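Enquirer: One file: query_5.cif (mmCIF, C-alpha atoms).
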```
data_work
loop_
_atom_site.label_atom_id
_atom_site.label_comp_id
_atom_site.auth_asym_id
_atom_site.auth_seq_id
_atom_site.Cartn_x
_atom_site.Cartn_y
_atom_site.Cartn_z
CA MET T 111 -168.34 -256.74 -269.77
CA VAL T 112 -167.00 -253.50 -268.36
CA PRO T 113 -167.36 -253.07 -264.62
CA SER T 114 -169.93 -250.58 -263.58
CA ASP T 115 -167.50 -248.54 -261.52
CA ALA T 116 -165.14 -248.08 -264.51
CA ALA T 117 -167.43 -245.49 -265.99
CA SER T 118 -167.04 -243.36 -262.91
CA SER T 119 -163.23 -243.66 -262.80
CA PRO T 120 -162.52 -240.51 -264.88
CA THR T 121 -164.78 -238.47 -262.64
CA THR T 122 -163.08 -239.93 -259.58
CA PHE T 123 -159.64 -239.12 -261.03
CA ILE T 124 -160.68 -235.52 -261.75
CA ASP T 125 -162.08 -235.16 -258.25
CA VAL T 126 -158.86 -236.51 -256.74
CA LEU T 127 -156.77 -234.20 -258.91
CA PHE T 128 -158.93 -231.22 -257.98
CA SER T 129 -158.75 -231.99 -254.28
CA TRP T 130 -154.97 -232.46 -254.50
CA SER T 131 -154.53 -229.16 -256.33
CA LEU T 132 -156.80 -227.43 -253.82
CA SER T 133 -154.79 -228.76 -250.88
CA PHE T 134 -151.55 -227.73 -252.62
CA ILE T 135 -152.88 -224.19 -253.15
CA GLN T 136 -153.93 -223.99 -249.50
CA MET T 137 -150.51 -225.20 -248.34
CA LEU T 138 -148.71 -222.72 -250.60
CA SER T 139 -150.94 -219.89 -249.41
CA HIS T 140 -150.24 -220.84 -245.80
CA LEU T 141 -146.47 -220.80 -246.44
CA LEU T 142 -146.59 -217.46 -248.25
CA ASN T 143 -148.86 -215.73 -245.75
CA GLY T 144 -147.31 -217.36 -242.69
CA TYR T 145 -143.63 -218.24 -242.57
CA PHE T 146 -142.26 -216.43 -245.64
CA THR T 147 -144.11 -213.21 -244.90
CA ALA T 148 -143.08 -213.30 -241.23
CA PHE T 149 -139.40 -213.80 -242.13
CA PHE T 150 -139.28 -210.94 -244.60
CA VAL T 151 -141.37 -208.70 -242.35
CA PHE T 152 -138.99 -209.01 -239.39
CA THR T 153 -135.80 -208.76 -241.45
CA GLY T 154 -137.26 -205.93 -243.52
CA ILE T 155 -138.31 -203.88 -240.49
CA ILE T 156 -134.86 -204.21 -238.91
CA LEU T 157 -133.02 -203.32 -242.13
CA ASN T 158 -135.41 -200.45 -242.92
CA LEU T 159 -134.93 -198.91 -239.48
CA LEU T 160 -131.18 -199.27 -239.95
CA SER T 161 -131.48 -197.51 -243.31
CA VAL T 162 -133.48 -194.65 -241.79
CA SER T 163 -130.93 -194.21 -239.00
CA ILE T 164 -128.13 -194.09 -241.59
CA PHE T 165 -129.95 -191.56 -243.76
CA LEU T 166 -130.63 -189.31 -240.77
CA ARG T 167 -127.13 -189.33 -239.33
CA LYS T 168 -125.63 -185.91 -238.63
CA GLU T 169 -122.69 -186.63 -240.89
CA ARG T 170 -125.07 -186.95 -243.82
CA ALA T 171 -126.37 -183.41 -243.40
CA GLY T 172 -124.70 -182.34 -246.63
CA THR T 173 -126.32 -185.00 -248.77
CA PRO T 174 -128.85 -184.04 -251.48
CA ALA T 175 -132.57 -183.70 -250.99
CA ILE T 176 -133.07 -187.18 -252.41
CA GLN T 177 -132.65 -188.58 -248.89
CA TYR T 178 -136.07 -187.19 -247.93
CA TYR T 179 -137.65 -189.33 -250.62
CA LEU T 180 -135.79 -192.41 -249.41
CA VAL T 181 -136.54 -191.80 -245.72
CA THR T 182 -140.25 -191.22 -246.37
CA LEU T 183 -140.49 -194.25 -248.66
CA THR T 184 -138.70 -196.46 -246.14
CA LEU T 185 -141.00 -195.35 -243.31
CA TRP T 186 -144.12 -196.02 -245.39
CA GLN T 187 -142.83 -199.44 -246.40
CA THR T 188 -141.93 -200.30 -242.81
CA ALA T 189 -145.50 -199.48 -241.75
CA LEU T 190 -146.78 -201.61 -244.65
CA LEU T 191 -144.71 -204.57 -243.42
CA ALA T 192 -146.13 -204.23 -239.91
CA ASN T 193 -149.70 -204.15 -241.23
CA ALA T 194 -149.05 -207.12 -243.51
CA PHE T 195 -147.85 -209.12 -240.52
CA LEU T 196 -150.95 -208.28 -238.49
CA LEU T 197 -153.33 -208.86 -241.38
CA TYR T 198 -151.92 -212.06 -242.92
CA SER T 199 -148.91 -213.56 -241.20
CA PHE T 200 -149.86 -213.63 -237.52
CA PRO T 201 -153.31 -215.25 -238.01
CA ASN T 202 -151.77 -217.96 -240.22
CA LEU T 203 -149.01 -218.67 -237.72
CA TRP T 204 -151.29 -218.66 -234.66
CA TRP T 205 -154.53 -220.19 -235.94
CA GLY T 206 -153.36 -221.78 -239.20
CA HIS T 207 -155.66 -219.65 -241.36
CA LEU T 208 -157.11 -216.17 -241.70
CA VAL T 209 -159.64 -215.60 -238.95
CA SER T 210 -163.00 -213.90 -239.39
CA GLN T 211 -164.34 -214.46 -235.88
CA GLY T 212 -163.00 -213.96 -232.39
CA THR T 213 -161.43 -211.19 -230.38
CA TYR T 214 -158.69 -210.60 -232.94
CA VAL T 215 -161.14 -209.23 -235.52
CA TYR T 216 -161.43 -205.98 -233.55
CA LEU T 217 -158.05 -205.04 -235.07
CA TYR T 218 -159.15 -205.68 -238.64
CA PRO T 219 -160.84 -202.33 -239.44
CA TYR T 220 -157.71 -200.43 -238.37
CA VAL T 221 -155.21 -202.82 -239.94
CA TYR T 222 -157.23 -203.00 -243.15
CA THR T 223 -157.33 -199.21 -243.39
CA PHE T 224 -153.65 -198.69 -242.57
CA ALA T 225 -152.57 -201.45 -244.97
CA ASN T 226 -154.28 -199.67 -247.86
CA THR T 227 -152.97 -196.32 -246.62
CA THR T 228 -149.37 -197.50 -246.53
CA HIS T 229 -149.67 -199.04 -249.99
CA THR T 230 -151.12 -195.81 -251.40
CA GLY T 231 -148.42 -193.76 -249.70
CA SER T 232 -145.68 -196.02 -251.06
CA VAL T 233 -147.06 -195.73 -254.60
CA TRP T 234 -147.24 -191.94 -254.43
CA ILE T 235 -143.78 -191.53 -252.91
CA VAL T 236 -142.24 -193.76 -255.60
CA LEU T 237 -144.14 -191.79 -258.24
CA THR T 238 -142.83 -188.45 -256.95
CA LEU T 239 -139.32 -189.93 -256.73
CA THR T 240 -139.56 -191.07 -260.35
CA ILE T 241 -140.74 -187.65 -261.49
CA ASP T 242 -137.87 -186.05 -259.56
CA ARG T 243 -135.30 -188.31 -261.26
CA TYR T 244 -136.87 -187.66 -264.64
CA LEU T 245 -136.58 -183.91 -264.17
CA ALA T 246 -133.03 -184.21 -262.82
CA LEU T 247 -131.83 -186.21 -265.83
CA CYS T 248 -133.98 -184.90 -268.68
CA GLN T 249 -134.93 -181.38 -267.59
CA PRO T 250 -132.25 -180.19 -265.12
CA LEU T 251 -133.26 -176.50 -265.25
CA LYS T 252 -136.74 -177.25 -263.93
CA HIS T 253 -135.30 -179.62 -261.34
CA ARG T 254 -133.05 -176.90 -259.92
CA ALA T 255 -136.10 -174.76 -259.26
CA ILE T 256 -138.16 -177.46 -257.49
CA GLY T 257 -135.51 -179.84 -256.18
CA LYS T 258 -134.52 -177.90 -253.08
CA LYS T 259 -134.53 -179.56 -249.67
CA ARG T 260 -137.22 -177.37 -248.15
CA ARG T 261 -139.61 -177.95 -251.03
CA VAL T 262 -138.94 -181.69 -251.08
CA ARG T 263 -139.61 -181.90 -247.34
CA ARG T 264 -142.91 -180.08 -247.74
CA LEU T 265 -143.81 -182.27 -250.71
CA MET T 266 -143.27 -185.43 -248.68
CA ILE T 267 -145.48 -184.15 -245.89
CA VAL T 268 -148.24 -183.13 -248.31
CA VAL T 269 -148.11 -186.46 -250.18
CA SER T 270 -148.27 -188.41 -246.92
CA ILE T 271 -151.27 -186.42 -245.68
CA MET T 272 -153.05 -186.86 -249.01
CA ALA T 273 -152.45 -190.64 -248.88
CA VAL T 274 -154.04 -190.78 -245.42
CA MET T 275 -157.03 -188.72 -246.55
CA PHE T 276 -157.51 -190.81 -249.69
CA SER T 277 -157.66 -194.01 -247.63
CA ILE T 278 -160.07 -192.79 -244.93
CA PRO T 279 -163.16 -194.33 -246.65
CA ARG T 280 -161.57 -197.77 -246.25
CA PHE T 281 -162.21 -197.58 -242.53
CA PHE T 282 -165.97 -197.46 -243.10
CA GLU T 283 -166.04 -200.46 -245.44
CA VAL T 284 -165.78 -203.13 -242.70
CA HIS T 285 -166.95 -203.33 -239.12
CA VAL T 286 -167.23 -205.79 -236.26
CA VAL T 287 -170.59 -207.39 -235.52
CA LEU T 288 -171.70 -209.73 -232.75
CA ILE T 289 -173.16 -213.08 -233.77
CA CYS T 290 -175.25 -214.48 -230.93
CA GLU T 291 -176.35 -218.10 -231.26
CA ARG T 292 -177.53 -217.94 -227.67
CA PRO T 293 -178.36 -214.95 -225.51
CA THR T 294 -175.38 -215.70 -223.30
CA SER T 295 -172.77 -216.58 -225.99
CA CYS T 296 -171.88 -213.99 -228.61
CA VAL T 297 -168.93 -214.13 -231.01
CA ALA T 298 -167.34 -211.08 -232.66
CA ALA T 299 -167.05 -211.33 -236.44
CA ILE T 300 -165.83 -209.06 -239.22
CA ASP T 301 -168.39 -208.07 -241.82
CA ARG T 302 -168.83 -205.60 -244.68
CA THR T 303 -170.84 -202.45 -244.23
CA GLU T 304 -173.50 -201.08 -246.50
CA LEU T 305 -170.97 -198.64 -247.94
CA PHE T 306 -168.93 -201.51 -249.35
CA ASP T 307 -171.97 -202.97 -251.10
CA ASN T 308 -173.02 -199.62 -252.53
CA ARG T 309 -172.68 -199.89 -256.31
CA LEU T 310 -172.10 -196.17 -256.87
CA TYR T 311 -169.42 -196.01 -254.18
CA TRP T 312 -167.73 -199.13 -255.56
CA THR T 313 -167.68 -197.76 -259.10
CA ILE T 314 -166.36 -194.32 -258.19
CA TYR T 315 -163.91 -195.13 -255.42
CA HIS T 316 -162.70 -198.69 -256.12
CA VAL T 317 -162.81 -198.63 -259.91
CA ILE T 318 -162.29 -195.09 -261.17
CA LEU T 319 -160.31 -193.36 -258.41
CA ALA T 320 -158.27 -196.43 -257.46
CA MET T 321 -157.22 -197.07 -261.06
CA ILE T 322 -156.37 -193.41 -261.65
CA PHE T 323 -154.47 -192.72 -258.42
CA VAL T 324 -153.24 -196.09 -257.07
CA THR T 325 -153.07 -198.98 -259.52
CA LEU T 326 -153.30 -198.66 -263.31
CA LEU T 327 -152.36 -195.07 -264.18
CA PRO T 328 -149.44 -194.78 -261.68
CA CYS T 329 -148.12 -198.10 -262.94
CA LEU T 330 -148.18 -196.86 -266.56
CA ILE T 331 -146.55 -193.55 -265.59
CA LEU T 332 -143.84 -195.37 -263.64
CA PHE T 333 -143.14 -197.66 -266.57
CA ALA T 334 -142.91 -194.78 -269.07
CA LEU T 335 -140.72 -192.58 -266.86
CA THR T 336 -138.46 -195.47 -265.84
CA LEU T 337 -137.94 -196.32 -269.51
CA ARG T 338 -137.12 -192.69 -270.26
CA ILE T 339 -134.70 -192.48 -267.33
CA SER T 340 -132.98 -195.70 -268.41
CA ILE T 341 -132.49 -194.29 -271.92
CA ALA T 342 -131.03 -191.09 -270.46
CA LEU T 343 -128.64 -193.05 -268.26
CA ARG T 344 -127.54 -195.20 -271.19
CA SER T 345 -126.85 -192.13 -273.33
CA ALA T 346 -124.86 -190.63 -270.44
CA ILE T 347 -122.74 -193.79 -270.21
CA ALA T 348 -122.14 -193.76 -273.98
CA LYS T 349 -121.15 -190.10 -273.85
CA ARG T 350 -118.72 -190.73 -271.00
CA LYS T 351 -117.12 -193.62 -272.90
CA SER T 352 -116.78 -191.49 -276.04
CA LEU T 353 -115.03 -188.77 -274.05
CA CYS T 354 -112.59 -191.31 -272.62
CA ALA T 355 -111.85 -193.30 -275.78
CA PRO T 356 -108.54 -195.24 -275.86
CA ASN T 357 -106.60 -192.64 -277.96
CA SER T 358 -103.34 -191.01 -277.10
CA ASP T 359 -104.72 -187.53 -277.75
CA ILE T 360 -107.67 -188.06 -275.43
CA ASP T 361 -105.77 -189.87 -272.67
CA THR T 362 -104.38 -186.60 -271.33
CA ARG T 363 -107.86 -185.10 -271.33
CA CYS T 364 -109.23 -188.16 -269.52
CA LYS T 365 -106.55 -187.81 -266.87
CA SER T 366 -107.47 -184.18 -266.36
CA MET T 367 -111.14 -185.18 -266.01
CA LYS T 368 -110.33 -187.20 -262.92
CA SER T 369 -110.99 -184.24 -260.72
CA SER T 370 -113.50 -183.64 -257.96
CA ARG T 371 -116.15 -182.58 -260.47
CA TYR T 372 -115.73 -185.75 -262.51
CA ASN T 373 -115.81 -187.93 -259.42
CA SER T 374 -118.97 -186.20 -258.21
CA SER T 375 -120.64 -186.86 -261.58
CA ARG T 376 -119.74 -190.54 -261.26
CA LYS T 377 -121.26 -190.61 -257.78
CA ASP T 378 -124.43 -188.96 -259.07
CA HIS T 379 -124.55 -191.50 -261.88
CA LYS T 380 -124.32 -194.42 -259.43
CA SER T 381 -126.96 -192.88 -257.19
CA ASN T 382 -129.26 -192.50 -260.18
CA ILE T 383 -128.76 -196.15 -261.07
CA MET T 384 -129.55 -197.09 -257.47
CA LEU T 385 -132.76 -195.06 -257.51
CA VAL T 386 -133.79 -196.53 -260.86
CA LEU T 387 -133.32 -200.01 -259.41
CA VAL T 388 -135.54 -199.09 -256.45
CA ILE T 389 -138.21 -197.77 -258.83
CA ALA T 390 -137.97 -200.75 -261.18
CA LYS T 391 -138.18 -203.19 -258.26
CA PHE T 392 -141.30 -201.46 -257.01
CA LEU T 393 -142.79 -201.48 -260.51
CA VAL T 394 -142.23 -205.23 -260.90
CA SER T 395 -143.80 -205.96 -257.52
CA ASP T 396 -146.80 -203.72 -258.28
CA ILE T 397 -147.62 -205.10 -261.74
CA LEU T 398 -149.33 -208.29 -260.50
CA PRO T 399 -151.58 -206.48 -257.94
CA THR T 400 -152.59 -204.06 -260.69
CA VAL T 401 -153.47 -206.90 -263.07
CA ILE T 402 -155.40 -208.71 -260.34
CA ASP T 403 -157.29 -205.54 -259.47
CA VAL T 404 -158.28 -205.04 -263.12
CA LEU T 405 -159.39 -208.69 -263.44
CA GLU T 406 -161.42 -208.42 -260.25
CA HIS T 407 -163.27 -205.43 -261.65
CA LEU T 408 -163.90 -207.19 -264.98
CA VAL T 409 -165.02 -210.55 -263.57
CA GLY T 410 -166.76 -209.34 -260.44
CA GLN T 411 -165.66 -209.56 -256.85
CA SER T 412 -167.91 -212.45 -255.78
CA ALA T 413 -166.91 -214.67 -258.71
CA PHE T 414 -163.26 -213.68 -258.36
CA MET T 415 -163.02 -214.50 -254.66
CA ARG T 416 -164.67 -217.92 -255.10
CA SER T 417 -161.78 -219.11 -257.27
CA PRO T 418 -158.95 -220.79 -255.30
CA LEU T 419 -156.47 -219.91 -258.05
CA ALA T 420 -157.44 -216.25 -257.83
CA SER T 421 -156.91 -216.34 -254.07
CA LEU T 422 -153.44 -217.82 -254.65
CA PHE T 423 -152.59 -215.00 -257.07
CA VAL T 424 -153.73 -212.50 -254.44
CA ASP T 425 -151.42 -214.13 -251.87
CA ILE T 426 -148.51 -214.08 -254.35
CA SER T 427 -149.11 -210.41 -255.13
CA ASN T 428 -149.19 -209.56 -251.41
CA PHE T 429 -145.96 -211.48 -250.88
CA LEU T 430 -144.28 -209.62 -253.77
CA ILE T 431 -145.20 -206.32 -252.14
CA VAL T 432 -143.74 -207.53 -248.82
CA LEU T 433 -140.59 -208.70 -250.61
CA ASN T 434 -140.19 -205.35 -252.31
CA CYS T 435 -140.63 -203.41 -249.05
CA SER T 436 -138.02 -205.52 -247.26
CA SER T 437 -135.24 -205.48 -249.88
CA ASN T 438 -134.43 -201.80 -250.45
CA PHE T 439 -131.58 -202.00 -247.93
CA TRP T 440 -129.64 -204.35 -250.18
CA VAL T 441 -129.98 -202.00 -253.15
CA PHE T 442 -128.65 -199.13 -251.00
CA PHE T 443 -125.86 -201.33 -249.67
CA VAL T 444 -124.68 -202.66 -253.03
CA TRP T 445 -124.86 -199.41 -255.01
CA GLY T 446 -124.18 -196.80 -252.34
CA LYS T 447 -120.53 -196.50 -251.31
CA ARG T 448 -121.29 -193.78 -248.81
CA PHE T 449 -124.19 -195.83 -247.47
CA ARG T 450 -121.85 -198.80 -246.91
CA ARG T 451 -119.36 -196.60 -245.09
CA SER T 452 -122.09 -195.15 -242.88
CA CYS T 453 -123.49 -198.63 -242.28
CA ARG T 454 -120.06 -199.81 -241.15
CA LYS T 455 -119.75 -196.87 -238.77
CA CYS T 456 -123.24 -197.49 -237.42
CA ILE T 457 -122.46 -201.14 -236.75
CA LYS T 458 -119.11 -200.33 -235.14
CA SER T 459 -120.77 -197.76 -232.86
CA THR T 460 -122.46 -200.60 -230.94
CA GLN T 461 -120.48 -202.80 -228.60
CA LEU T 462 -121.56 -206.07 -230.23
CA GLY T 463 -120.89 -204.76 -233.73
CA ALA T 464 -117.46 -203.48 -232.72
CA CYS T 465 -116.53 -206.88 -231.25
CA ILE T 466 -117.63 -208.69 -234.41
CA TYR T 467 -115.76 -206.21 -236.62
CA ASP T 468 -112.57 -206.53 -234.53
CA MET T 469 -112.78 -210.33 -234.67
CA ALA T 470 -113.12 -210.19 -238.46
CA GLN T 471 -110.12 -207.86 -238.71
CA TRP T 472 -108.11 -210.08 -236.36
CA ASN T 473 -108.85 -213.13 -238.49
CA ASN T 474 -107.70 -211.26 -241.60
CA ASP T 475 -104.46 -210.23 -239.89
CA SER T 476 -103.85 -213.81 -238.75
CA GLU T 477 -104.35 -215.17 -242.25
CA VAL T 478 -101.92 -212.60 -243.69
CA SER T 479 -99.23 -213.26 -241.10
CA LEU T 480 -99.48 -217.02 -241.46
CA CYS T 481 -99.81 -217.32 -245.22
CA ALA T 482 -97.57 -214.48 -246.41
CA PRO T 483 -93.82 -214.80 -247.10
CA SER T 484 -91.31 -214.09 -244.38
CA SER T 485 -90.34 -210.74 -245.98
CA PHE T 486 -93.83 -209.44 -245.25
CA THR T 487 -93.57 -210.16 -241.53
CA THR T 488 -92.08 -206.77 -240.73
CA VAL T 489 -94.90 -205.01 -242.53
CA ASN T 490 -97.43 -207.04 -240.54
CA VAL T 491 -95.70 -206.19 -237.27
CA THR T 492 -95.57 -202.53 -238.23
CA THR T 493 -99.27 -202.68 -239.10
CA LYS T 494 -100.15 -203.99 -235.66
CA ALA T 495 -97.90 -201.38 -234.03
CA TYR T 496 -99.34 -198.34 -235.76
CA GLY T 497 -102.89 -199.44 -236.52
CA SER T 498 -102.87 -199.85 -240.31
CA THR T 499 -100.47 -200.34 -243.24
CA GLU T 500 -101.18 -196.85 -244.54
CA ARG T 501 -100.27 -195.26 -241.21
CA SER T 502 -97.06 -197.33 -240.99
CA PHE T 503 -95.97 -196.25 -244.49
CA ARG T 504 -96.77 -192.63 -243.62
CA TYR T 505 -94.67 -192.97 -240.47
CA LYS T 506 -91.82 -194.42 -242.51
CA ARG T 507 -91.92 -191.51 -244.98
CA ASN T 508 -91.94 -188.98 -242.14
CA MET T 509 -88.90 -190.68 -240.60
CA GLU T 510 -87.06 -190.56 -243.95
CA ILE T 511 -87.81 -186.83 -244.27
CA ILE T 512 -86.53 -186.18 -240.75
CA VAL T 513 -83.35 -188.18 -241.41
CA SER T 514 -82.73 -186.39 -244.73
CA ARG T 515 -83.19 -182.97 -243.10
CA THR T 516 -80.81 -184.00 -240.30
CA ASP T 517 -78.17 -185.02 -242.83
CA GLU T 518 -78.53 -181.72 -244.71
CA THR T 519 -78.19 -179.79 -241.45
CA SER T 520 -75.04 -181.69 -240.51
CA LEU T 521 -73.54 -180.99 -243.92
CA ASN T 522 -74.53 -177.31 -243.93
CA PRO T 523 -74.08 -175.93 -240.42
CA SER T 524 -74.94 -172.44 -241.62
CA ARG T 525 -78.64 -173.43 -241.89
CA THR T 526 -78.97 -174.08 -238.16
#
```
Represent the supplied structure as structure tokens.
Expert:
Amino acid sequence: MVPSDAASSPTTFIDVLFSWSLSFIQMLSHLLNGYFTAFFVFTGIILNLLSVSIFLRKERAGTPAIQYYLVTLTLWQTALLANAFLLYSFPNLWWGHLVSQGTYVYLYPYVYTFANTTHTGSVWIVLTLTIDRYLALCQPLKHRAIGKKRRVRRLMIVVSIMAVMFSIPRFFEVHVVLICERPTSCVAAIDRTELFDNRLYWTIYHVILAMIFVTLLPCLILFALTLRISIALRSAIAKRKSLCAPNSDIDTRCKSMKSSRYNSSRKDHKSNIMLVLVIAKFLVSDILPTVIDVLEHLVGQSAFMRSPLASLFVDISNFLIVLNCSSNFWVFFVWGKRFRRSCRKCIKSTQLGACIYDMAQWNNDSEVSLCAPSSFTTVNVTTKAYGSTERSFRYKRNMEIIVSRTDETSLNPSRT
């Protein structure tokens, strides 16, 4: 005889597995929306503001117009990080979950609108940056006509205003209502408006216009242009290697190419690689939200939001966007030599940064003086006396010139 409860054991096992997976998804969503998002939001805002201050330094006044793209993109992404913290991270850290009732929901209509506005602005700025790089590499004559600083500045202002205007209807999709269980106790709650439930509005604005201007079509254009730019950069690298092949006849020509013009082309090449990395990073982070948006339109919003797995994918896509917005500084720092130099000057301009930098330099000097041979001791002493090894060698050469001129004067008195 089989026990009667054995027949229900598979169902019990499936229920336990489902409840365990549901609790795991909730825990992972809490970590992504709470602690991970908060960490990258705070570090990203600090690093983005540092990047903006470096781009806007007076000493960078002679840099190309590409800095307007980077400054505008960094500002939009910084605003996106702040809205992501208010919309997802802070409620999870304070209440343990996303709240739909209470005093805090009065912020939701504004935060919800600005979050979509900042995402739209970031997409459009990256798209204009990609088109600019495509014209600069593949159609340089057209880029010279439209790539001037004044026109780029106006373009950034126009694109930002258009992003704000495109996202204005989002503000009227949600509102705060009062739920009164008793006449004396009312609780504020966030709720959808009739505009959000309007089928015509949903089809035109959320499906057609959003896919054309925010999600699907910009993603495809970014992918195609990034691929074309990568091919152009690869052909430029191959052409440069062919010009500097290891032949004796070409070696002299390669040495002559190491002029200011050749060095400037190498700098432009590195800056193009840096910008392509920024675009590709944004494209990777925006693919999953685009796919989720398409699936939501195909399945239906009500059925999509009831799935715990779909909610987890939404949290992962939001976290990828936060991660992308907080990591541009490292791309600038690794690939931009001038950016690193300006970052070092910016850090040394503060008292705390100068102390840390001097301590690091002092530790390096101590290691050299202790670990180097005894013949190097004089060089180390001279370095401390005159500030740097280069200055000490320059001083030594100047002294040799003075001594040689003195000897010539003593041998030829007629020159005096």
Enquirer: Hey, what comes out of the PyMOL selection byres ((chain T and resi 254-256) around 12) on this file? Could you write it as number ranges by chain?
Expert: T: 174-175, 238, 241-243, 245-253, 257-265
Enquirer: Would you compute the distance between CA of Val236 in chain T and CA of Ser436 in chain T? Give it in Å to one decimal.
Expert: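 That distance, rounded to one decimal, is 15.0 Å.
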Enquirer: Applying 12 Å and only C-alpha atoms, which residues near Ile322 in chain T remain after dropping the ones on its own chain fewer than 3 positions away? List them as a ChimeraX atom specification.
Expert: /T:230,233-234,314-319,325-331,400,404
Enquirer: Find the spatial neighbours of Leu185 in chain T, counting all atoms listed in the file, within a cut-off of 9 Å - ignore same-chain residues fewer than 3 positions away - and output them as a compact mmCIF listing (two decimals) with C-alpha atoms, in the coordinates of the input.
Expert:
```
# COMPACT_ATOMS: atom_id res chain seq x y z
CA ASN T 158 -135.41 -200.45 -242.92
CA LEU T 159 -134.93 -198.91 -239.48
CA VAL T 162 -133.48 -194.65 -241.79
CA LEU T 180 -135.79 -192.41 -249.41
CA VAL T 181 -136.54 -191.80 -245.72
CA THR T 182 -140.25 -191.22 -246.37
CA THR T 188 -141.93 -200.30 -242.81
CA ALA T 189 -145.50 -199.48 -241.75
CA LEU T 190 -146.78 -201.61 -244.65
```
Enquirer: Identify, on the basis of only C-alpha atoms, every residue whose closest approach to Tyr218 in chain T does not exceed 10 Å; exclude the query and any residue fewer than 2 positions from it along the same chain; express the result as JSON, numbers by chain.
Expert: {"T": [193, 196, 197, 209, 210, 214, 215, 216, 220, 221, 222, 223, 224, 281, 284, 285, 286, 299, 300]}
Enquirer: What is the distance, in Å and to one decimal place, between CA of Ser340 in chain T and CA of Val386 in chain T?
Expert: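 Between CA of Ser340 in chain T and CA of Val386 in chain T the gap works out to 7.6 Å.
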Enquirer: Find, counting only C-alpha atoms, the residue in T:Phe423, T:Phe442, T:Phe429, T:Phe195 that gets nearest to Leu387 in chain T.
Expert: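 Closest to Leu387 in chain T, using only C-alpha atoms: T:Phe442.
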Enquirer: Written as a VMD selection string, what is the full residue list that the PyMOL selection byres ((chain T and resi 444-449) around 12) yields on the file shown?
Expert: chain T and resid 160 to 167 169 to 170 173 177 376 to 388 437 to 443 450 to 456
Enquirer: Selected residues, C-alpha atoms, written as an mmCIF file, in the coordinates of the input, please.
Expert:
```cif
data_model
loop_
_atom_site.group_PDB
_atom_site.id
_atom_site.type_symbol
_atom_site.label_atom_id
_atom_site.label_comp_id
_atom_site.auth_asym_id
_atom_site.auth_seq_id
_atom_site.Cartn_x
_atom_site.Cartn_y
_atom_site.Cartn_z
ATOM 1 C CA LEU T 160 -131.180 -199.270 -239.950
ATOM 2 C CA SER T 161 -131.480 -197.510 -243.310
ATOM 3 C CA VAL T 162 -133.480 -194.650 -241.790
ATOM 4 C CA SER T 163 -130.930 -194.210 -239.000
ATOM 5 C CA ILE T 164 -128.130 -194.090 -241.590
ATOM 6 C CA PHE T 165 -129.950 -191.560 -243.760
ATOM 7 C CA LEU T 166 -130.630 -189.310 -240.770
ATOM 8 C CA ARG T 167 -127.130 -189.330 -239.330
ATOM 9 C CA GLU T 169 -122.690 -186.630 -240.890
ATOM 10 C CA ARG T 170 -125.070 -186.950 -243.820
ATOM 11 C CA THR T 173 -126.320 -185.000 -248.770
ATOM 12 C CA GLN T 177 -132.650 -188.580 -248.890
ATOM 13 C CA ARG T 376 -119.740 -190.540 -261.260
ATOM 14 C CA LYS T 377 -121.260 -190.610 -257.780
ATOM 15 C CA ASP T 378 -124.430 -188.960 -259.070
ATOM 16 C CA HIS T 379 -124.550 -191.500 -261.880
ATOM 17 C CA LYS T 380 -124.320 -194.420 -259.430
ATOM 18 C CA SER T 381 -126.960 -192.880 -257.190
ATOM 19 C CA ASN T 382 -129.260 -192.500 -260.180
ATOM 20 C CA ILE T 383 -128.760 -196.150 -261.070
ATOM 21 C CA MET T 384 -129.550 -197.090 -257.470
ATOM 22 C CA LEU T 385 -132.760 -195.060 -257.510
ATOM 23 C CA VAL T 386 -133.790 -196.530 -260.860
ATOM 24 C CA LEU T 387 -133.320 -200.010 -259.410
ATOM 25 C CA VAL T 388 -135.540 -199.090 -256.450
ATOM 26 C CA SER T 437 -135.240 -205.480 -249.880
ATOM 27 C CA ASN T 438 -134.430 -201.800 -250.450
ATOM 28 C CA PHE T 439 -131.580 -202.000 -247.930
ATOM 29 C CA TRP T 440 -129.640 -204.350 -250.180
ATOM 30 C CA VAL T 441 -129.980 -202.000 -253.150
ATOM 31 C CA PHE T 442 -128.650 -199.130 -251.000
ATOM 32 C CA PHE T 443 -125.860 -201.330 -249.670
ATOM 33 C CA ARG T 450 -121.850 -198.800 -246.910
ATOM 34 C CA ARG T 451 -119.360 -196.600 -245.090
ATOM 35 C CA SER T 452 -122.090 -195.150 -242.880
ATOM 36 C CA CYS T 453 -123.490 -198.630 -242.280
ATOM 37 C CA ARG T 454 -120.060 -199.810 -241.150
ATOM 38 C CA LYS T 455 -119.750 -196.870 -238.770
ATOM 39 C CA CYS T 456 -123.240 -197.490 -237.420
#
```
Enquirer: Report, in Å to a single decimal, how far apart CA of Met321 in chain T and CA of Gly410 in chain T are.
Expert: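 Separating CA of Gly410 in chain T from CA of Met321 in chain T is a distance of 15.6 Å.
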Enquirer: From the set T:Thr313, T:Ser295, T:Ser395, T:Thr240, which residue has the shortest atom-to-atom contact distance to Ala334 in chain T, counting only C-alpha atoms?
Expert: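 When distances to Ala334 in chain T are compared using only C-alpha atoms, the smallest one comes from T:Thr240.
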Enquirer: Extract, using only C-alpha atoms, all DNA, RNA and protein residues at most 8 Å from Val424 in chain T, discarding same-chain residues fewer than 3 positions from it, and format them as a CSV table (one decimal) with C-alpha atoms, keeping the file's coordinate frame.
Expert:
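Below is the file result00.csv, written as the result:
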```csv
chain,number,residue,atom,x,y,z
T,399,PRO,CA,-151.6,-206.5,-257.9
T,402,ILE,CA,-155.4,-208.7,-260.3
T,420,ALA,CA,-157.4,-216.2,-257.8
T,421,SER,CA,-156.9,-216.3,-254.1
T,427,SER,CA,-149.1,-210.4,-255.1
T,428,ASN,CA,-149.2,-209.6,-251.4
```
